[in-house]
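Undergrad: Could you have a look at this structure, given as structure tokens, before my questions?
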Amino acid sequence: MEQIKVGMIGAGETGTPLLRQLLDAPFVGMVGVADLNLDSPGILLAQQRGISVTDNFIELAEQGSSIDIIIDVTGSRKVREDLRRYMQFSGNTHTVIVHERVALLMLSLGAGKLVATRHDDSLAY
């Protein structure tokens, strides 16, 4: 079965529920998960499932076209800007960056209601 190769940045309160769904989907191949806190719930879950983890999100971006989608659920403007800048300068036109708002939409659709996040609403582009 063909899989969509996914990397995730942010494995805390917002990222972990989405990570669970992605790990359970047979059509998703998790390539790696990044979080500054290597003891975060999502990092521990990824390690239990044999998924590569890192505290440096650029390591995911450096994998180039072997990742189809990078989901950023950090809520950090700096991470978002640095990731976009890296992708632009690397010339990677294959990988799509999914913003946290889209990830929250996906989570909310799965839950059947709007999922709350602790991140600031000012994160919209």
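Ordered as shown in the structure tokens, chains take letters A, B, and onward, while each chain numbers its residues from 1 and ligands are numbered from 1 in the order shown.
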Near Phe27 in chain A, counting only C-alpha atoms, which residues have an atom at most 10 Å away, once you skip same-chain residues fewer than 5 positions from it, shown as a list in words?

TA: Met1, Glu2, Gln3, Ile4, Lys5 and Leu22 of chain A

Undergrad: Find the residues of range 64-101 of chain A that sit at most 10 Å from range 28-46 of chain A; for each, write down the nearest two atoms and how far apart they are in Å, to one decimal. Count only C-alpha atoms. Sort by chain, then by number going up, and give it as JSON lines.

TA:
{"residue": "A:Ser66", "atom": "CA", "partner": "A:Val31", "partner_atom": "CA", "distance": 8.4}
{"residue": "A:Ile67", "atom": "CA", "partner": "A:Val31", "partner_atom": "CA", "distance": 7.0}
{"residue": "A:Asp68", "atom": "CA", "partner": "A:Val31", "partner_atom": "CA", "distance": 9.6}
{"residue": "A:Ile69", "atom": "CA", "partner": "A:Met30", "partner_atom": "CA", "distance": 9.8}
{"residue": "A:Ile70", "atom": "CA", "partner": "A:Gly32", "partner_atom": "CA", "distance": 9.4}
{"residue": "A:Ile71", "atom": "CA", "partner": "A:Val33", "partner_atom": "CA", "distance": 9.5}
{"residue": "A:Asp72", "atom": "CA", "partner": "A:Ala34", "partner_atom": "CA", "distance": 9.5}
{"residue": "A:Val73", "atom": "CA", "partner": "A:Asp35", "partner_atom": "CA", "distance": 9.9}
{"residue": "A:Thr74", "atom": "CA", "partner": "A:Asp35", "partner_atom": "CA", "distance": 8.2}

Undergrad: Distance CA of Arg84 in chain A-CA of Arg20 in chain A, one decimal place?

TA: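 CA of Arg20 in chain A lies 25.3 Å from CA of Arg84 in chain A.
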
Undergrad: From the options A:Met8, A:Glu13, A:Asp55, A:Leu18, which residue's atoms come nearest to Leu105 in chain A, counting only C-alpha atoms?

TA: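 Result for the nearest residue to Leu105 in chain A: A:Leu18.
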
Undergrad: Find the spatial neighbours of Gln88 in chain A, counting only C-alpha atoms, within a cut-off of 12 Å - ignore same-chain residues fewer than 6 positions away - and output them as an MDAnalysis selection string.

TA: chainID A and resid 61:62 64 81:82 94:97

Undergrad: Considering only strand (DSSP E) as DSSP defines it on the backbone, what residues of range 49-97 of chain A qualify? List them as a list in words.

TA: Ser52, Val53, Thr54, Ile69, Ile70, Ile71, Asp72, Val96 and Ile97 of chain A
